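Raw input-v5.txt, compact mmCIF, C-alpha atoms and all ligand atoms:
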```txt
# COMPACT_ATOMS: atom_id res chain seq x y z
CA THR Y 1 1.32 -16.43 23.73
CA VAL Y 2 1.04 -14.68 20.38
CA LEU Y 3 -2.01 -12.57 19.60
CA VAL Y 4 -2.64 -12.61 15.86
CA THR Y 5 -4.97 -9.84 14.69
CA ALA Y 6 -3.75 -9.86 11.06
CA LEU Y 7 -6.65 -11.61 9.37
CA SER Y 8 -4.66 -13.17 6.54
CA PHE Y 9 -1.80 -14.49 8.69
CA SER Y 10 -1.07 -18.05 7.55
CA ARG Y 11 -4.32 -18.11 5.59
CA TYR Y 12 -2.94 -19.25 2.26
CA SER Y 13 0.14 -21.04 3.54
CA ARG Y 14 0.31 -23.19 6.67
CA GLU Y 15 4.01 -22.58 7.14
CA PRO Y 16 3.86 -19.39 9.30
CA GLN Y 17 1.58 -21.00 11.88
CA ARG Y 18 3.69 -24.16 11.82
CA ILE Y 19 6.84 -22.13 12.58
CA LEU Y 20 5.27 -20.58 15.69
CA GLU Y 21 3.57 -23.72 16.98
CA GLY Y 22 6.70 -25.73 16.27
CA ALA Y 23 8.61 -23.37 18.57
CA GLY Y 24 6.01 -23.86 21.31
CA PHE Y 25 4.03 -20.65 20.94
CA GLN Y 26 0.30 -20.59 21.54
CA LEU Y 27 -1.70 -18.55 19.03
CA ILE Y 28 -4.79 -16.51 19.77
CA ARG Y 29 -6.50 -15.56 16.51
CA ASN Y 30 -8.77 -12.64 15.72
CA GLN Y 31 -12.18 -14.27 15.23
CA GLU Y 32 -13.97 -11.05 14.28
CA GLY Y 33 -13.34 -11.26 10.55
CA ARG Y 34 -12.33 -7.58 10.54
CA PRO Y 35 -9.48 -5.53 12.03
CA LEU Y 36 -9.86 -5.00 15.78
CA LYS Y 37 -10.81 -1.63 17.21
CA GLU Y 38 -8.62 0.19 19.73
CA ALA Y 39 -10.79 -0.81 22.71
CA GLU Y 40 -10.80 -4.47 21.63
CA LEU Y 41 -7.02 -4.45 21.34
CA VAL Y 42 -6.73 -2.86 24.79
CA ASP Y 43 -8.83 -5.74 26.14
CA ARG Y 44 -6.99 -8.53 24.42
CA ILE Y 45 -3.39 -7.35 24.69
CA LYS Y 46 -3.08 -8.33 28.36
CA GLY Y 47 -0.96 -11.41 29.01
CA VAL Y 48 0.24 -11.48 25.41
CA ASP Y 49 4.00 -11.77 24.67
CA ALA Y 50 3.93 -10.99 20.97
CA LEU Y 51 1.50 -9.38 18.55
CA ILE Y 52 1.14 -10.01 14.82
CA VAL Y 53 -0.83 -7.10 13.50
CA GLY Y 54 -2.44 -6.09 10.23
CA VAL Y 55 -4.00 -2.64 9.94
CA ASP Y 56 -5.44 -2.65 13.49
CA PRO Y 57 -4.66 0.57 15.43
CA VAL Y 58 -1.82 -0.15 17.86
CA THR Y 59 -2.13 3.18 19.63
CA GLU Y 60 -0.45 4.52 22.75
CA LYS Y 61 -3.46 3.30 24.77
CA VAL Y 62 -3.03 -0.24 23.46
CA ILE Y 63 0.68 -0.19 24.22
CA GLU Y 64 0.08 1.21 27.71
CA ALA Y 65 -2.41 -1.60 28.36
CA ALA Y 66 0.11 -4.29 27.42
CA ASP Y 67 1.68 -5.90 30.49
CA LYS Y 68 3.86 -8.61 28.92
CA LEU Y 69 4.22 -7.52 25.30
CA ARG Y 70 7.83 -7.57 24.00
CA ILE Y 71 7.46 -7.52 20.22
CA ILE Y 72 4.99 -6.23 17.62
CA CYS Y 73 5.27 -7.69 14.12
CA LYS Y 74 3.57 -5.95 11.23
CA HIS Y 75 2.13 -8.53 8.84
CA GLY Y 76 3.15 -6.36 5.91
CA VAL Y 77 5.21 -3.21 5.38
CA GLY Y 78 3.50 0.07 6.36
CA VAL Y 79 3.80 0.60 10.13
CA ASP Y 80 1.75 3.82 10.15
CA ASN Y 81 -0.93 2.11 12.28
CA ILE Y 82 1.56 1.48 15.09
CA ASP Y 83 2.59 4.19 17.57
CA LEU Y 84 6.33 3.64 17.22
CA LYS Y 85 7.27 6.23 19.85
CA ALA Y 86 5.01 4.66 22.47
CA ALA Y 87 6.46 1.23 21.64
CA ALA Y 88 10.02 2.54 21.94
CA ARG Y 89 9.24 4.12 25.32
CA ARG Y 90 8.13 0.75 26.63
CA GLY Y 91 11.09 -1.03 25.04
CA ILE Y 92 8.83 -3.03 22.75
CA MET Y 93 10.44 -4.10 19.51
CA VAL Y 94 8.57 -3.41 16.24
CA THR Y 95 9.31 -5.37 13.07
CA ASN Y 96 7.83 -5.47 9.59
CA ALA Y 97 8.30 -7.59 6.49
CA PRO Y 98 9.82 -5.17 3.99
CA ASP Y 99 10.93 -7.72 1.40
CA SER Y 100 7.79 -9.81 1.46
CA ASN Y 101 5.32 -8.06 -0.78
CA TYR Y 102 6.97 -5.44 -2.97
CA ILE Y 103 6.82 -7.68 -6.04
CA SER Y 104 3.09 -8.25 -5.59
CA VAL Y 105 2.40 -4.54 -5.06
CA ALA Y 106 4.49 -3.59 -8.10
CA ASP Y 107 2.59 -6.14 -10.24
CA LEU Y 108 -0.74 -4.73 -9.06
CA THR Y 109 0.45 -1.17 -9.66
CA PHE Y 110 1.22 -1.97 -13.25
CA GLY Y 111 -2.04 -3.85 -13.61
CA LEU Y 112 -3.93 -0.81 -12.33
CA LEU Y 113 -1.96 1.48 -14.63
CA LEU Y 114 -2.97 -0.57 -17.67
CA ALA Y 115 -6.51 -1.03 -16.37
CA ALA Y 116 -6.97 2.72 -15.98
CA ALA Y 117 -5.28 3.58 -19.28
CA ARG Y 118 -7.57 1.22 -21.22
CA GLN Y 119 -10.55 1.34 -18.83
CA ILE Y 120 -10.47 -2.45 -18.70
CA PRO Y 121 -12.89 -2.87 -15.73
CA HIS Y 122 -15.45 -0.60 -17.40
CA ALA Y 123 -15.04 -2.43 -20.73
CA ASP Y 124 -15.49 -5.74 -18.91
CA ILE Y 125 -18.83 -4.66 -17.47
CA ILE Y 126 -20.03 -3.34 -20.85
CA THR Y 127 -19.11 -6.56 -22.64
CA LYS Y 128 -20.71 -8.80 -20.03
CA ASN Y 129 -23.87 -6.72 -20.18
CA GLY Y 130 -24.19 -7.51 -23.88
CA LYS Y 131 -23.18 -4.07 -25.10
CA TRP Y 132 -20.53 -3.49 -27.71
CA ASP Y 133 -19.42 0.09 -26.94
CA ARG Y 134 -15.77 0.51 -27.86
CA VAL Y 135 -14.13 2.18 -24.90
CA VAL Y 136 -11.36 4.48 -26.08
CA GLY Y 137 -8.19 4.38 -24.02
CA ARG Y 138 -4.65 5.66 -23.96
CA GLU Y 139 -1.38 3.99 -24.87
CA VAL Y 140 1.26 3.34 -22.23
CA TRP Y 141 4.23 2.66 -24.50
CA LYS Y 142 6.89 5.41 -24.36
CA LYS Y 143 4.70 7.59 -22.13
CA THR Y 144 6.14 9.34 -19.08
CA LEU Y 145 5.73 7.67 -15.70
CA GLY Y 146 6.34 9.68 -12.53
CA ILE Y 147 7.30 7.53 -9.56
CA ILE Y 148 7.00 9.22 -6.17
CA GLY Y 149 9.07 7.18 -3.74
CA THR Y 150 11.82 4.96 -5.12
CA GLY Y 151 11.99 2.34 -2.38
CA ARG Y 152 11.38 -1.34 -2.96
CA ILE Y 153 8.00 -0.97 -4.65
CA GLY Y 154 8.85 2.18 -6.61
CA LEU Y 155 11.96 0.57 -8.09
CA ALA Y 156 10.09 -2.64 -8.94
CA VAL Y 157 7.48 -0.51 -10.74
CA ALA Y 158 10.28 1.28 -12.62
CA ARG Y 159 11.66 -2.08 -13.76
CA ARG Y 160 8.24 -3.08 -15.09
CA ALA Y 161 7.85 0.29 -16.84
CA GLN Y 162 11.06 -0.32 -18.74
CA GLY Y 163 9.35 -3.11 -20.64
CA PHE Y 164 6.97 -0.49 -22.01
CA GLU Y 165 9.93 1.78 -22.83
CA MET Y 166 8.42 4.45 -20.62
CA LYS Y 167 10.31 7.59 -19.77
CA ILE Y 168 10.64 7.43 -16.00
CA LEU Y 169 10.85 10.47 -13.75
CA ALA Y 170 11.30 9.95 -10.04
CA TYR Y 171 11.07 11.92 -6.84
CA ASP Y 172 12.38 10.79 -3.45
CA LYS Y 173 13.63 12.50 -0.33
CA PHE Y 174 16.63 10.17 -0.43
CA PRO Y 175 17.52 9.60 -4.10
CA ASN Y 176 19.01 6.22 -4.99
CA ASN Y 177 21.40 7.28 -7.72
CA ARG Y 178 22.79 3.79 -8.27
CA ALA Y 179 19.33 2.42 -9.00
CA ALA Y 180 18.59 5.41 -11.22
CA GLN Y 181 21.62 4.63 -13.32
CA GLU Y 182 21.08 0.87 -13.37
CA ILE Y 183 17.35 0.96 -14.23
CA GLY Y 184 17.53 4.17 -16.24
CA PHE Y 185 15.43 6.90 -14.66
CA THR Y 186 15.93 10.51 -13.69
CA TYR Y 187 15.35 12.24 -10.38
CA VAL Y 188 13.53 15.55 -10.72
CA SER Y 189 11.66 17.92 -8.41
CA LEU Y 190 8.15 16.95 -7.36
CA GLU Y 191 6.81 19.88 -9.40
CA LYS Y 192 8.56 18.77 -12.59
CA LEU Y 193 7.49 15.18 -12.09
CA LEU Y 194 3.85 16.16 -11.67
CA SER Y 195 3.77 18.56 -14.59
CA GLU Y 196 5.45 16.23 -17.10
CA SER Y 197 4.06 12.77 -16.26
CA ASP Y 198 1.27 10.95 -18.08
CA PHE Y 199 1.02 8.52 -15.16
CA VAL Y 200 1.90 9.36 -11.56
CA SER Y 201 2.32 6.48 -9.10
CA LEU Y 202 2.66 6.86 -5.33
CA HIS Y 203 5.12 4.72 -3.36
CA VAL Y 204 6.05 6.77 -0.28
CA PRO Y 205 5.07 5.79 3.26
CA LEU Y 206 2.38 7.76 5.05
CA THR Y 207 4.01 10.26 7.41
CA GLU Y 208 3.23 13.77 8.62
CA GLU Y 209 5.25 14.98 5.63
CA THR Y 210 3.47 12.92 2.99
CA ARG Y 211 -0.12 13.23 4.23
CA HIS Y 212 -2.14 14.89 1.41
CA LEU Y 213 0.92 15.07 -0.81
CA ILE Y 214 -1.61 14.95 -3.63
CA ASN Y 215 -3.89 17.92 -2.99
CA GLU Y 216 -5.61 20.69 -4.92
CA LYS Y 217 -2.33 22.50 -5.56
CA THR Y 218 -0.29 19.49 -6.63
CA ILE Y 219 -3.15 18.15 -8.80
CA ASP Y 220 -3.20 21.52 -10.58
CA LEU Y 221 0.38 20.88 -11.67
CA MET Y 222 -0.64 17.62 -13.37
CA LYS Y 223 -1.65 17.29 -17.01
CA PRO Y 224 -5.42 17.02 -17.58
CA GLU Y 225 -4.83 13.74 -19.44
CA ALA Y 226 -2.77 12.27 -16.59
CA ILE Y 227 -3.74 9.24 -14.50
CA LEU Y 228 -2.93 8.88 -10.79
CA ILE Y 229 -2.19 5.44 -9.33
CA ASN Y 230 -2.16 4.92 -5.57
CA THR Y 231 -1.19 1.54 -4.17
CA ALA Y 232 0.47 3.08 -1.10
CA ARG Y 233 -1.82 4.74 1.44
CA GLY Y 234 -5.14 6.53 1.02
CA GLU Y 235 -4.22 9.50 3.16
CA LEU Y 236 -1.42 10.45 0.77
CA VAL Y 237 -4.25 11.87 -1.31
CA ASP Y 238 -6.76 14.57 -0.47
CA GLU Y 239 -9.65 12.49 -1.78
CA LYS Y 240 -12.03 15.42 -2.05
CA ALA Y 241 -9.58 17.39 -4.19
CA LEU Y 242 -9.01 14.31 -6.37
CA TYR Y 243 -12.75 13.78 -6.77
CA LEU Y 244 -13.33 17.38 -7.86
CA ALA Y 245 -10.41 17.32 -10.31
CA LEU Y 246 -11.69 14.11 -11.92
CA LYS Y 247 -15.26 15.31 -12.03
CA GLU Y 248 -14.27 18.62 -13.59
CA GLY Y 249 -11.97 16.95 -16.13
CA ARG Y 250 -8.78 18.46 -14.73
CA LEU Y 251 -7.41 14.93 -14.41
CA ALA Y 252 -8.24 11.98 -16.68
CA GLY Y 253 -8.37 9.08 -14.26
CA ALA Y 254 -7.21 7.36 -11.12
CA ALA Y 255 -6.54 3.81 -10.00
CA LEU Y 256 -6.72 3.18 -6.28
CA ASP Y 257 -5.90 0.28 -3.98
CA ALA Y 258 -5.83 2.38 -0.80
CA TYR Y 259 -8.34 4.78 0.76
CA ALA Y 260 -8.36 7.23 3.65
CA GLU Y 261 -11.07 5.11 5.26
CA GLU Y 262 -11.01 1.35 4.75
CA PRO Y 263 -13.33 -0.12 3.79
CA PRO Y 264 -14.47 3.14 2.19
CA SER Y 265 -17.90 4.41 3.15
CA ASN Y 266 -19.51 7.31 1.29
CA ASN Y 267 -16.33 7.75 -0.75
CA MET Y 268 -17.38 9.83 -3.75
CA LEU Y 269 -14.44 8.54 -5.80
CA LEU Y 270 -16.17 5.17 -6.04
CA SER Y 271 -18.98 6.73 -8.04
CA LEU Y 272 -16.74 7.79 -10.95
CA SER Y 273 -16.33 5.50 -13.98
CA GLN Y 274 -12.84 6.91 -14.66
CA VAL Y 275 -11.68 5.56 -11.29
CA VAL Y 276 -10.48 1.94 -11.11
CA THR Y 277 -10.62 0.48 -7.62
CA THR Y 278 -9.36 -2.57 -5.74
CA PRO Y 279 -9.87 -3.36 -2.02
CA HIS Y 280 -6.28 -2.98 -0.73
CA ILE Y 281 -5.14 -6.22 -2.38
CA GLY Y 282 -1.57 -5.11 -3.15
CA ALA Y 283 -0.09 -7.78 -0.92
CA TYR Y 284 -2.83 -10.36 -1.51
CA THR Y 285 -1.02 -12.99 -3.51
CA TYR Y 286 -0.25 -16.52 -2.37
CA GLU Y 287 3.45 -15.78 -2.64
CA ALA Y 288 3.40 -12.55 -0.60
CA ASN Y 289 1.10 -14.02 2.04
CA HIS Y 290 3.53 -16.88 2.57
CA ARG Y 291 6.51 -14.52 2.85
CA MET Y 292 4.79 -12.00 5.16
CA GLY Y 293 3.63 -14.74 7.52
CA CYS Y 294 6.98 -16.53 7.62
CA THR Y 295 8.84 -13.26 8.25
CA ALA Y 296 6.57 -12.38 11.19
CA ALA Y 297 6.73 -15.89 12.66
CA GLU Y 298 10.51 -16.12 12.30
CA SER Y 299 10.99 -12.66 13.88
CA ILE Y 300 9.14 -13.87 16.98
CA VAL Y 301 10.97 -17.18 17.21
CA LYS Y 302 14.37 -15.48 16.79
CA PHE Y 303 13.53 -12.70 19.25
CA PHE Y 304 12.58 -15.06 22.08
CA ALA Y 305 15.48 -17.37 21.29
CA GLY Y 306 17.66 -14.35 22.11
P1 LIG L 401 10.29 1.67 1.13
O1 LIG L 401 10.54 2.07 2.53
O2 LIG L 401 11.16 0.64 0.50
O3 LIG L 401 10.31 2.96 0.19
C1 LIG L 401 9.74 4.19 0.55
C2 LIG L 401 10.49 5.30 -0.16
O4 LIG L 401 9.83 6.54 0.14
C3 LIG L 401 11.94 5.45 0.28
O5 LIG L 401 12.80 5.48 -0.84
C4 LIG L 401 11.95 6.78 1.04
O6 LIG L 401 13.18 7.48 0.90
C5 LIG L 401 10.82 7.53 0.39
N1 LIG L 401 10.27 8.60 1.22
C6 LIG L 401 9.95 8.54 2.54
N2 LIG L 401 9.46 9.73 2.95
C7 LIG L 401 9.48 10.55 1.87
C8 LIG L 401 9.10 11.91 1.67
N3 LIG L 401 8.61 12.66 2.66
N4 LIG L 401 9.25 12.43 0.42
C9 LIG L 401 9.76 11.68 -0.58
N5 LIG L 401 10.13 10.41 -0.44
C10 LIG L 401 9.99 9.84 0.77
O7 LIG L 401 8.76 1.20 1.09
P2 LIG L 401 8.04 0.23 0.03
O8 LIG L 401 8.21 -1.18 0.44
O9 LIG L 401 8.43 0.63 -1.34
O10 LIG L 401 6.52 0.62 0.31
C11 LIG L 401 6.03 1.93 0.09
C12 LIG L 401 4.66 2.07 0.73
O11 LIG L 401 3.72 1.24 0.04
C13 LIG L 401 4.58 1.55 2.18
O12 LIG L 401 4.96 2.54 3.11
C14 LIG L 401 3.12 1.19 2.34
O13 LIG L 401 2.41 2.29 2.85
C15 LIG L 401 2.66 0.91 0.92
N6 LIG L 401 2.30 -0.51 0.74
C16 LIG L 401 1.05 -0.82 0.28
C17 LIG L 401 0.68 -2.13 0.09
C18 LIG L 401 -0.67 -2.49 -0.45
O14 LIG L 401 -1.18 -3.55 -0.11
N7 LIG L 401 -1.27 -1.68 -1.29
C19 LIG L 401 1.59 -3.16 0.41
C20 LIG L 401 2.87 -2.82 0.85
C21 LIG L 401 3.21 -1.49 1.03
```
Just give me the structure of the file as structure tokens.
Amino acid sequence: TVLVTALSFSRYSREPQRILEGAGFQLIRNQEGRPLKEAELVDRIKGVDALIVGVDPVTEKVIEAADKLRIICKHGVGVDNIDLKAAARRGIMVTNAPDSNYISVADLTFGLLLAAARQIPHADIITKNGKWDRVVGREVWKKTLGIIGTGRIGLAVARRAQGFEMKILAYDKFPNNRAAQEIGFTYVSLEKLLSESDFVSLHVPLTEETRHLINEKTIDLMKPEAILINTARGELVDEKALYLALKEGRLAGAALDAYAEEPPSNNMLLSLSQVVTTPHIGAYTYEANHRMGCTAAESIVKFFAG
């Protein structure tokens, strides 16, 4: 039995479900229309052999409650909602789909960058409301882009930035010098990246080290005309500090696909016109959905085939 809590599993492509059912697995789907809560997962995890999970909290409690569970598959990339240590203690394998959605997230990142630079969503509303106010934006061509985290998504963003002849600065705990040479970007310190970039884009995973990487102090290093783009995780940013900086004009704008609380409730950032927002749709393309689902389904089939 496979418990599927990831809401978009096999939603836009039938293939993932077909792979599992074809191999004789029975699927139990999340009927709630929202991610499950810890207590709900604790209830439903019993008797389940495999779990395909979205952003639902797979905590130590959930893992302790599992009696048959052998494998947890993240329908996506970021595994920060899964207690990896607890899973390891119980000998439960955890997989993700690292190659499935980086192209989609990189596309969205660049879309958000352009949208924020030219205030496209704001201009759209004005035009549709019959106004003809010319919104003044900023050019992207030859500007400096700071990429924090040069993994799959960060590098794909760098490749897109090359088309705009941007100067690319990068920061990563584990620099990829080959990629830097091939794509043409320079690794610098976090401080230098923040102080010299016109656009700063986040592509690191959420860990204890990266939580609130963007805070009052690091925002102070940024140029007042800079724009922050976050398509990684909301908690990388101290949202209160970002709100104050934007409100006080210490930062020009932000484009966000991820929030500390999702869906956001009472998030002050949503009230600012210089903030462009999307509802965590980085991986929501037909292509990525197909790949994420197939990767999860195939991991389960392969695992139980030994
Ligand atoms: P990746 O693992 O390929 O790359 C992450 C990079 O971050 C690596 O190069 C790593 O060395 C670096 N890194 C890790 N810890 C660091 C630290 N403390 N300081 C500096 N660098 C550090 O991951 P990816 O596929 O590029 O994805 C990046 C993140 O994007 C994911 O962890 C996930 O949270 C997020 N994501 C969001 C969406 C979305 O829908 N918006 C979709 C997929 C992934």
Within 12 Å of (3.6, 5.7, 2.7), all atoms listed in the file: residues as a PDB file with C-alpha atoms, keeping the file's coordinate frame?
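Written out: out.pdb:
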```
ATOM      1  CA  VAL Y  77       5.210  -3.210   5.380  1.00  0.00           C
ATOM      2  CA  GLY Y  78       3.500   0.070   6.360  1.00  0.00           C
ATOM      3  CA  VAL Y  79       3.800   0.600  10.130  1.00  0.00           C
ATOM      4  CA  ASP Y  80       1.750   3.820  10.150  1.00  0.00           C
ATOM      5  CA  ASN Y  81      -0.930   2.110  12.280  1.00  0.00           C
ATOM      6  CA  ILE Y 148       7.000   9.220  -6.170  1.00  0.00           C
ATOM      7  CA  GLY Y 149       9.070   7.180  -3.740  1.00  0.00           C
ATOM      8  CA  THR Y 150      11.820   4.960  -5.120  1.00  0.00           C
ATOM      9  CA  GLY Y 151      11.990   2.340  -2.380  1.00  0.00           C
ATOM     10  CA  ARG Y 152      11.380  -1.340  -2.960  1.00  0.00           C
ATOM     11  CA  ILE Y 153       8.000  -0.970  -4.650  1.00  0.00           C
ATOM     12  CA  GLY Y 154       8.850   2.180  -6.610  1.00  0.00           C
ATOM     13  CA  ASP Y 172      12.380  10.790  -3.450  1.00  0.00           C
ATOM     14  CA  SER Y 201       2.320   6.480  -9.100  1.00  0.00           C
ATOM     15  CA  LEU Y 202       2.660   6.860  -5.330  1.00  0.00           C
ATOM     16  CA  HIS Y 203       5.120   4.720  -3.360  1.00  0.00           C
ATOM     17  CA  VAL Y 204       6.050   6.770  -0.280  1.00  0.00           C
ATOM     18  CA  PRO Y 205       5.070   5.790   3.260  1.00  0.00           C
ATOM     19  CA  LEU Y 206       2.380   7.760   5.050  1.00  0.00           C
ATOM     20  CA  THR Y 207       4.010  10.260   7.410  1.00  0.00           C
ATOM     21  CA  GLU Y 208       3.230  13.770   8.620  1.00  0.00           C
ATOM     22  CA  GLU Y 209       5.250  14.980   5.630  1.00  0.00           C
ATOM     23  CA  THR Y 210       3.470  12.920   2.990  1.00  0.00           C
ATOM     24  CA  ARG Y 211      -0.120  13.230   4.230  1.00  0.00           C
ATOM     25  CA  HIS Y 212      -2.140  14.890   1.410  1.00  0.00           C
ATOM     26  CA  LEU Y 213       0.920  15.070  -0.810  1.00  0.00           C
ATOM     27  CA  ASN Y 230      -2.160   4.920  -5.570  1.00  0.00           C
ATOM     28  CA  THR Y 231      -1.190   1.540  -4.170  1.00  0.00           C
ATOM     29  CA  ALA Y 232       0.470   3.080  -1.100  1.00  0.00           C
ATOM     30  CA  ARG Y 233      -1.820   4.740   1.440  1.00  0.00           C
ATOM     31  CA  GLY Y 234      -5.140   6.530   1.020  1.00  0.00           C
ATOM     32  CA  GLU Y 235      -4.220   9.500   3.160  1.00  0.00           C
ATOM     33  CA  LEU Y 236      -1.420  10.450   0.770  1.00  0.00           C
ATOM     34  CA  VAL Y 237      -4.250  11.870  -1.310  1.00  0.00           C
ATOM     35  CA  ALA Y 258      -5.830   2.380  -0.800  1.00  0.00           C
TER      36      ALA Y 258
END
```
Within 8 Å of region 4-15 of chain Y, counting all atoms listed in the file, which residues qualify if same-chain residues fewer than 2 places away don't, as a list in words?
->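 The contact residues come out as Val2, Gln17, Arg18, Ile19, Leu27, Ile28, Arg29, Asn30, Gly33, Arg34, Pro35, Leu36, Leu51, Ile52, Val53, Gly54, Val55, Asp56, His75, Tyr286, Asn289, His290, Met292, Gly293 and Cys294 of chain Y.
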Selected residue of minimal separation from ligand LIG 401 (chain L) among Y:Val105, Y:Ile71, Y:Ala226, Y:Ala23, counting only C-alpha atoms and all ligand atoms =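 So, comparing all the options, the nearest one is Y:Val105.
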So, counting all atoms listed in the file, which residue among Y:Glu40, Y:Asp107, Y:Asp198, Y:Glu216 is closest to Leu246 (chain Y)?
->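 Using all atoms listed in the file, Leu246 (chain Y) sits closest to Y:Glu216.
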Which residue out of Y:Ala179, Y:Val135, Y:Ala305, Y:Ile219 has the minimum interatomic distance to ligand LIG 401 (chain L) when only C-alpha atoms and all ligand atoms are used?
->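 Going through Y:Ala179, Y:Val135, Y:Ala305, Y:Ile219 one by one, the smallest distance to ligand LIG 401 (chain L) is for Y:Ala179.
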Option closest in space to ligand LIG 401 (chain L), from Y:Ile300, Y:Ala241, Y:Ala170, Y:Ile227 [counting all atoms listed in the file] |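 Under the stated criterion, the closest residue is Y:Ala170.
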May I ask which of the residues Y:Asp99, Y:Asp220, Y:Asp83, Y:Glu262 is the closest one to ligand LIG 401 (chain L), counting all atoms listed in the file?
->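 Checking each of Y:Asp99, Y:Asp220, Y:Asp83, Y:Glu262 against ligand LIG 401 (chain L), counting all atoms listed in the file, the winner is Y:Asp99.
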Residue contacts of region 64-69 of chain Y (7 Å, all atoms listed in the file) excluding same-chain residues fewer than 3 positions away, as a ChimeraX atom specification | /Y:42,45-50,60-61,92
Y:Val301, Y:Leu112, Y:Ile125, Y:Ile103 ranked by distance to Pro16 (chain Y), top pick (using all atoms listed in the file) | Y:Val301
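Separating atom C18 of ligand LIG 401 (chain L) from CA of Ala283 (chain Y) is a distance of 5.3 Å.
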Interatomic distance, CA of Ile120 (chain Y) to CA of Glu225 (chain Y) (Å, one decimal) |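 These atoms are spaced 17.2 Å apart.
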Between CA of Arg44 (chain Y) and atom O11 of ligand LIG 401 (chain L), measure the distance and give it in Å to one decimal.
->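 Distance reported for this atom pair: 28.4 Å.
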Within-8 Å shell of (8.3, -4.0, 17.5) in input frame, all atoms listed in the file, as number ranges by chain | Y: 70-73, 84, 87, 92-95
Skip Ala180 (chain Y) itself and residues of its chain fewer than 5 positions away, then list as a list in words all residues within 12 Å of it, counting all atoms listed in the file.
->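 Close residues of Ala180 (chain Y): Ile147, Thr150, Gly151, Gly154, Leu155, Ala156, Ala158, Arg159, Ile168, Leu169, Ala170, Tyr171, Asp172, Phe174, Pro175, Phe185, Thr186, Tyr187 and Val188 of chain Y.
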Please identify all polymer residues within 7 Å of Val157 (chain Y), counting only C-alpha atoms, omitting same-chain residues fewer than 4 positions from it, and present them as a list in words.
-> Ala106, Phe110, Ile153 and Ala161 of chain Y
Let's have the selection written as a PDB file, in the coordinates of the input, with C-alpha atoms.
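Here's the written file part.pdb:
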```
ATOM      1  CA  ALA Y 106       4.490  -3.590  -8.100  1.00  0.00           C
ATOM      2  CA  PHE Y 110       1.220  -1.970 -13.250  1.00  0.00           C
ATOM      3  CA  ILE Y 153       8.000  -0.970  -4.650  1.00  0.00           C
ATOM      4  CA  ALA Y 161       7.850   0.290 -16.840  1.00  0.00           C
TER       5      ALA Y 161
END
```
